[in-house]
file my_file19.csv (CSV, N, CA and C atoms)
chain,number,residue,atom,x,y,z
A,26,MET,N,-109.7,7.1,4.7
A,26,MET,CA,-108.6,6.7,3.7
A,26,MET,C,-107.3,7.4,4.0
A,27,SER,N,-106.2,6.8,4.0
A,27,SER,CA,-104.9,7.3,4.3
A,27,SER,C,-104.3,7.9,3.1
A,28,ASP,N,-103.5,9.0,3.2
A,28,ASP,CA,-102.8,9.5,2.1
A,28,ASP,C,-101.4,8.9,2.0
A,29,GLU,N,-101.1,8.0,3.0
A,29,GLU,CA,-99.7,7.4,2.9
A,29,GLU,C,-99.6,6.4,1.7
A,30,LYS,N,-98.5,6.4,1.1
A,30,LYS,CA,-98.2,5.5,0.0
A,30,LYS,C,-97.9,4.1,0.6
A,31,THR,N,-98.4,3.1,0.0
A,31,THR,CA,-98.0,1.8,0.4
A,31,THR,C,-96.6,1.5,-0.1
A,32,PRO,N,-95.7,1.1,0.9
A,32,PRO,CA,-94.3,0.8,0.5
A,32,PRO,C,-94.2,-0.3,-0.5
A,33,ASP,N,-93.2,-0.1,-1.4
A,33,ASP,CA,-92.9,-1.0,-2.5
A,33,ASP,C,-92.2,-2.2,-1.8
A,34,THR,N,-92.7,-3.4,-1.8
A,34,THR,CA,-92.0,-4.5,-1.2
A,34,THR,C,-91.5,-5.5,-2.3
A,35,SER,N,-91.5,-5.1,-3.5
A,35,SER,CA,-91.0,-6.0,-4.5
A,35,SER,C,-89.5,-6.2,-4.4
A,36,VAL,N,-89.0,-7.3,-4.8
A,36,VAL,CA,-87.6,-7.6,-4.7
A,36,VAL,C,-86.8,-6.6,-5.6
A,37,HIS,N,-87.3,-6.3,-6.7
A,37,HIS,CA,-86.6,-5.6,-7.7
A,37,HIS,C,-86.5,-4.0,-7.6
A,38,HIS,N,-87.2,-3.5,-6.6
A,38,HIS,CA,-87.1,-2.0,-6.5
A,38,HIS,C,-85.8,-1.5,-5.9
A,39,ARG,N,-85.0,-2.4,-5.4
A,39,ARG,CA,-83.7,-2.0,-4.8
A,39,ARG,C,-82.6,-2.2,-5.8
A,40,ASN,N,-82.8,-2.0,-7.1
A,40,ASN,CA,-81.8,-2.2,-8.0
A,40,ASN,C,-81.0,-1.0,-8.4
A,41,GLU,N,-81.1,0.0,-7.5
A,41,GLU,CA,-80.3,1.3,-7.8
A,41,GLU,C,-78.8,1.0,-7.7
A,42,PRO,N,-78.0,1.8,-8.3
A,42,PRO,CA,-76.5,1.6,-8.2
A,42,PRO,C,-76.0,1.5,-6.8
A,43,MET,N,-75.0,0.7,-6.6
A,43,MET,CA,-74.3,0.7,-5.2
A,43,MET,C,-72.8,0.6,-5.5
A,44,ASP,N,-72.1,1.1,-4.5
A,44,ASP,CA,-70.6,1.1,-4.5
A,44,ASP,C,-70.1,-0.1,-3.7
A,45,VAL,N,-70.8,-0.4,-2.6
A,45,VAL,CA,-70.2,-1.4,-1.6
A,45,VAL,C,-71.4,-2.3,-1.2
A,46,LEU,N,-71.0,-3.6,-1.0
A,46,LEU,CA,-71.9,-4.6,-0.4
A,46,LEU,C,-71.3,-5.0,0.9
A,47,VAL,N,-71.9,-4.8,2.0
A,47,VAL,CA,-71.4,-5.2,3.3
A,47,VAL,C,-71.9,-6.6,3.6
A,48,ALA,N,-70.9,-7.5,3.9
A,48,ALA,CA,-71.3,-8.9,4.2
A,48,ALA,C,-70.7,-9.4,5.5
A,49,GLY,N,-71.4,-10.4,6.1
A,49,GLY,CA,-71.0,-10.9,7.4
A,49,GLY,C,-70.1,-12.1,7.3
A,50,ASP,N,-69.7,-12.6,8.4
A,50,ASP,CA,-68.8,-13.8,8.5
A,50,ASP,C,-69.5,-15.1,8.7
A,51,ILE,N,-70.8,-15.1,8.6
A,51,ILE,CA,-71.5,-16.4,8.7
A,51,ILE,C,-72.6,-16.4,7.6
A,52,PRO,N,-72.9,-17.6,7.0
A,52,PRO,CA,-73.9,-17.7,6.0
A,52,PRO,C,-75.3,-17.3,6.6
A,53,ALA,N,-75.9,-16.4,5.9
A,53,ALA,CA,-77.2,-15.9,6.5
A,53,ALA,C,-78.4,-16.6,5.8
A,54,ALA,N,-78.2,-17.3,4.7
A,54,ALA,CA,-79.3,-17.9,4.0
A,54,ALA,C,-78.9,-19.0,3.2
A,55,PRO,N,-79.8,-20.0,2.9
A,55,PRO,CA,-79.4,-21.0,1.9
A,55,PRO,C,-78.9,-20.4,0.6
A,56,GLY,N,-77.9,-21.0,0.0
A,56,GLY,CA,-77.4,-20.4,-1.2
A,56,GLY,C,-76.4,-19.3,-1.1
A,57,SER,N,-76.0,-19.0,0.2
A,57,SER,CA,-75.0,-18.0,0.4
A,57,SER,C,-73.7,-18.5,-0.1
A,58,ARG,N,-72.8,-17.6,-0.7
A,58,ARG,CA,-71.5,-18.0,-1.2
A,58,ARG,C,-70.4,-17.2,-0.5
A,59,GLN,N,-69.3,-17.8,-0.4
A,59,GLN,CA,-68.2,-17.1,0.3
A,59,GLN,C,-67.3,-16.3,-0.7
A,60,PHE,N,-67.0,-15.1,-0.3
A,60,PHE,CA,-66.1,-14.1,-1.0
A,60,PHE,C,-65.1,-13.6,-0.1
A,61,ALA,N,-64.1,-12.8,-0.6
A,61,ALA,CA,-63.1,-12.2,0.2
A,61,ALA,C,-63.5,-10.7,0.3
A,62,CYS,N,-63.3,-10.1,1.5
A,62,CYS,CA,-63.4,-8.7,1.7
A,62,CYS,C,-62.4,-8.0,0.8
A,63,ALA,N,-62.9,-7.0,0.0
A,63,ALA,CA,-62.0,-6.2,-0.9
A,63,ALA,C,-60.9,-5.4,-0.2
A,64,ASP,N,-61.1,-5.1,1.1
A,64,ASP,CA,-60.2,-4.3,1.8
A,64,ASP,C,-59.2,-5.1,2.6
A,65,CYS,N,-59.6,-6.1,3.4
A,65,CYS,CA,-58.7,-6.8,4.3
A,65,CYS,C,-58.5,-8.3,3.9
A,66,GLY,N,-59.3,-8.8,3.0
A,66,GLY,CA,-59.2,-10.2,2.5
A,66,GLY,C,-59.9,-11.2,3.3
A,67,ASN,N,-60.5,-10.8,4.5
A,67,ASN,CA,-61.2,-11.8,5.3
A,67,ASN,C,-62.4,-12.4,4.5
A,68,LYS,N,-62.7,-13.7,4.8
A,68,LYS,CA,-63.8,-14.4,4.2
A,68,LYS,C,-65.1,-13.9,4.7
A,69,VAL,N,-66.1,-13.6,3.8
A,69,VAL,CA,-67.4,-13.2,4.1
A,69,VAL,C,-68.4,-14.0,3.3
A,70,TRP,N,-69.7,-14.0,3.8
A,70,TRP,CA,-70.7,-14.7,3.1
A,70,TRP,C,-71.7,-13.7,2.5
A,71,VAL,N,-72.1,-14.0,1.2
A,71,VAL,CA,-73.1,-13.1,0.5
A,71,VAL,C,-74.3,-14.0,0.2
A,72,ALA,N,-75.5,-13.5,0.7
A,72,ALA,CA,-76.7,-14.2,0.4
A,72,ALA,C,-77.1,-14.1,-1.0
A,73,PRO,N,-78.1,-14.9,-1.5
A,73,PRO,CA,-78.5,-14.8,-2.9
A,73,PRO,C,-78.9,-13.5,-3.3
A,74,SER,N,-79.6,-12.7,-2.5
A,74,SER,CA,-80.1,-11.4,-2.9
A,74,SER,C,-78.9,-10.5,-3.1
A,75,GLY,N,-77.8,-10.6,-2.3
A,75,GLY,CA,-76.6,-9.8,-2.5
A,75,GLY,C,-75.9,-10.2,-3.7
A,76,GLN,N,-75.9,-11.5,-4.0
A,76,GLN,CA,-75.3,-12.0,-5.3
A,76,GLN,C,-76.0,-11.4,-6.5
A,77,HIS,N,-77.3,-11.3,-6.4
A,77,HIS,CA,-78.1,-10.7,-7.5
A,77,HIS,C,-77.7,-9.2,-7.6
A,78,ARG,N,-77.6,-8.5,-6.5
A,78,ARG,CA,-77.2,-7.1,-6.5
A,78,ARG,C,-75.8,-6.9,-7.1
A,79,LEU,N,-74.9,-7.9,-6.8
A,79,LEU,CA,-73.6,-7.8,-7.4
A,79,LEU,C,-73.6,-8.0,-8.9
A,80,LYS,N,-74.5,-8.8,-9.4
A,80,LYS,CA,-74.6,-9.0,-10.9
A,80,LYS,C,-75.0,-7.7,-11.5
A,81,LEU,N,-75.9,-7.0,-10.9
A,81,LEU,CA,-76.4,-5.7,-11.4
A,81,LEU,C,-75.4,-4.6,-11.2
A,82,ASN,N,-74.5,-4.7,-10.3
A,82,ASN,CA,-73.5,-3.7,-10.0
A,82,ASN,C,-72.1,-4.3,-10.0
A,83,PRO,N,-71.6,-4.8,-11.1
A,83,PRO,CA,-70.3,-5.5,-11.1
A,83,PRO,C,-69.1,-4.8,-10.6
A,84,LYS,N,-69.2,-3.4,-10.5
A,84,LYS,CA,-68.0,-2.7,-10.0
A,84,LYS,C,-68.1,-2.5,-8.5
A,85,ALA,N,-69.2,-2.9,-7.9
A,85,ALA,CA,-69.3,-2.8,-6.4
A,85,ALA,C,-68.3,-3.7,-5.7
A,86,LYS,N,-67.8,-3.2,-4.6
A,86,LYS,CA,-66.8,-4.1,-3.9
A,86,LYS,C,-67.5,-4.6,-2.7
A,87,ILE,N,-67.1,-5.8,-2.2
A,87,ILE,CA,-67.6,-6.5,-1.1
A,87,ILE,C,-66.7,-6.2,0.1
A,88,ILE,N,-67.3,-5.7,1.2
A,88,ILE,CA,-66.4,-5.5,2.4
A,88,ILE,C,-67.1,-6.1,3.6
A,89,CYS,N,-66.2,-6.4,4.6
A,89,CYS,CA,-66.7,-7.0,5.8
A,89,CYS,C,-67.2,-5.9,6.8
A,90,LEU,N,-67.8,-6.4,7.9
A,90,LEU,CA,-68.3,-5.4,8.9
A,90,LEU,C,-67.2,-4.6,9.5
A,91,ASP,N,-66.1,-5.3,9.8
A,91,ASP,CA,-64.9,-4.5,10.4
A,91,ASP,C,-64.5,-3.4,9.5
A,92,CYS,N,-64.3,-3.7,8.2
A,92,CYS,CA,-63.9,-2.6,7.3
A,92,CYS,C,-65.0,-1.5,7.2
A,93,LEU,N,-66.2,-1.9,7.3
A,93,LEU,CA,-67.3,-0.9,7.2
A,93,LEU,C,-67.1,0.1,8.3
A,94,PHE,N,-66.8,-0.3,9.5
A,94,PHE,CA,-66.6,0.6,10.7
A,94,PHE,C,-65.4,1.4,10.5
A,95,LYS,N,-64.4,1.0,9.7
A,95,LYS,CA,-63.2,1.8,9.5
A,95,LYS,C,-63.3,2.8,8.4
A,96,MET,N,-64.4,2.7,7.6
A,96,MET,CA,-64.6,3.6,6.5
A,96,MET,C,-64.7,5.1,7.0
A,97,GLN,N,-64.1,6.0,6.3
A,97,GLN,CA,-64.2,7.4,6.6
A,97,GLN,C,-65.3,8.0,5.8
A,98,GLY,N,-65.9,9.1,6.3
A,98,GLY,CA,-66.9,9.8,5.5
A,98,GLY,C,-68.3,9.3,5.8
A,99,ASP,N,-69.2,9.9,5.1
A,99,ASP,CA,-70.6,9.5,5.3
A,99,ASP,C,-70.9,8.4,4.3
A,100,ALA,N,-71.4,7.3,4.8
A,100,ALA,CA,-71.8,6.2,4.0
A,100,ALA,C,-73.4,6.1,4.0
A,101,VAL,N,-74.0,5.8,2.9
A,101,VAL,CA,-75.4,5.6,2.9
A,101,VAL,C,-75.6,4.1,2.9
A,102,LEU,N,-76.2,3.7,4.0
A,102,LEU,CA,-76.5,2.2,4.2
A,102,LEU,C,-77.9,1.9,4.0
A,103,LYS,N,-78.1,0.8,3.2
A,103,LYS,CA,-79.5,0.4,3.0
A,103,LYS,C,-79.5,-1.1,3.2
A,104,ARG,N,-80.5,-1.5,4.1
A,104,ARG,CA,-80.6,-3.0,4.4
A,104,ARG,C,-81.4,-3.6,3.3
A,105,PRO,N,-81.3,-5.0,3.1
A,105,PRO,CA,-82.2,-5.6,2.2
A,105,PRO,C,-83.7,-5.4,2.5
A,106,THR,N,-84.5,-5.4,1.5
A,106,THR,CA,-85.9,-5.3,1.7
A,106,THR,C,-86.5,-6.5,2.4
A,107,ASP,N,-87.6,-6.4,3.0
A,107,ASP,CA,-88.2,-7.6,3.7
A,107,ASP,C,-88.5,-8.7,2.7
A,108,ALA,N,-88.9,-8.4,1.4
A,108,ALA,CA,-89.1,-9.4,0.4
A,108,ALA,C,-87.8,-10.1,0.1
A,109,GLU,N,-86.7,-9.4,0.0
A,109,GLU,CA,-85.4,-10.0,-0.3
A,109,GLU,C,-85.0,-11.0,0.8
A,110,ILE,N,-85.2,-10.5,2.1
A,110,ILE,CA,-84.9,-11.4,3.2
A,110,ILE,C,-85.7,-12.7,3.2
A,111,LEU,N,-87.0,-12.5,2.9
A,111,LEU,CA,-87.9,-13.7,2.9
A,111,LEU,C,-87.5,-14.7,1.8
A,112,LEU,N,-87.1,-14.1,0.6
A,112,LEU,CA,-86.7,-15.0,-0.4
A,112,LEU,C,-85.4,-15.7,-0.1
A,113,ASP,N,-84.5,-15.0,0.6
A,113,ASP,CA,-83.2,-15.7,1.0
A,113,ASP,C,-83.5,-16.8,2.0
A,114,LEU,N,-84.4,-16.5,3.0
A,114,LEU,CA,-84.7,-17.5,4.0
A,114,LEU,C,-85.5,-18.7,3.5
A,115,SER,N,-86.3,-18.5,2.5
A,115,SER,CA,-87.0,-19.6,1.9
A,115,SER,C,-86.2,-20.5,1.0
A,116,GLY,N,-85.0,-20.0,0.6
A,116,GLY,CA,-84.1,-20.8,-0.2
A,116,GLY,C,-84.7,-21.0,-1.6
A,117,THR,N,-85.6,-20.1,-2.1
A,117,THR,CA,-86.2,-20.3,-3.4
A,117,THR,C,-85.5,-19.5,-4.5
A,118,ASN,N,-84.4,-18.8,-4.2
A,118,ASN,CA,-83.6,-18.0,-5.2
A,118,ASN,C,-82.9,-18.9,-6.1
call {"tool": "encode", "arguments": {"input": "my_file19.csv", "output": "structure tokens"}}
result
Amino acid sequence: MSDEKTPDTSVHHRNEPMDVLVAGDIPAAPGSRQFACADCGNKVWVAPSGQHRLKLNPKAKIICLDCLFKMQGDAVLKRPTDAEILLDLSGTN
């Protein structure tokens, strides 16, 4: 028997506060919506899971990948969970 904990793969375990949502320039999943980057104004696409996270964190700003690379300081980056990605790809959100 292993002492390792089974990772939490639920969609809702990633609801901790966030300051920034990084979005790409192509729609990644059915139901993606277009927004403007808060820093440069370029159009970006936010998948349904990201839209859900934005509802939970209304003060978070959306930035594009180019602006992410320009950010100064240490940023804590977290990718969507596997469950969030699967839900986005299935289009059942």
call {"tool": "residues_around", "arguments": {"input": "my_file19.csv", "residues": "segment 89-97 of chain A", "least_positions_apart": "3", "cutoff": "6 Å", "atoms": "all atoms listed in the file", "output": "list in words"}}
result
Val47, Ala48, Gly49, Cys62 and Ala63 of chain A
call {"tool": "atom_distance", "arguments": {"input": "my_file19.csv", "atom1": "atom N of Asp107 of chain A", "atom2": "atom C of Asn67 of chain A"}}
result
25.9 Å
call {"tool": "closest_residue", "arguments": {"input": "my_file19.csv", "among": "A:Ile87, A:Ala108, A:Leu79, A:Met43", "to": "Cys65 of chain A", "atoms": "only N, CA and C atoms"}}
result
A:Ile87
call {"tool": "residues_around", "arguments": {"input": "my_file19.csv", "residues": "Pro52 of chain A", "least_positions_apart": "2", "cutoff": "8 Å", "atoms": "all atoms listed in the file", "output": "ChimeraX atom specification"}}
result
/A:49-50,54-59,69-72
call {"tool": "residues_around", "arguments": {"input": "my_file19.csv", "residues": "Ala85 of chain A", "least_positions_apart": "5", "cutoff": "8 Å", "atoms": "only N, CA and C atoms", "output": "list of chain:residue names"}}
result
A:Pro42, A:Met43, A:Asp44, A:Val45, A:Leu46, A:Arg78, A:Leu79
call {"tool": "atom_distance", "arguments": {"input": "my_file19.csv", "atom1": "atom C of Ala53 of chain A", "atom2": "atom CA of Ile88 of chain A"}}
result
16.7 Å
call {"tool": "atom_distance", "arguments": {"input": "my_file19.csv", "atom1": "atom C of Ile110 of chain A", "atom2": "atom C of Asp64 of chain A"}}
result
27.6 Å
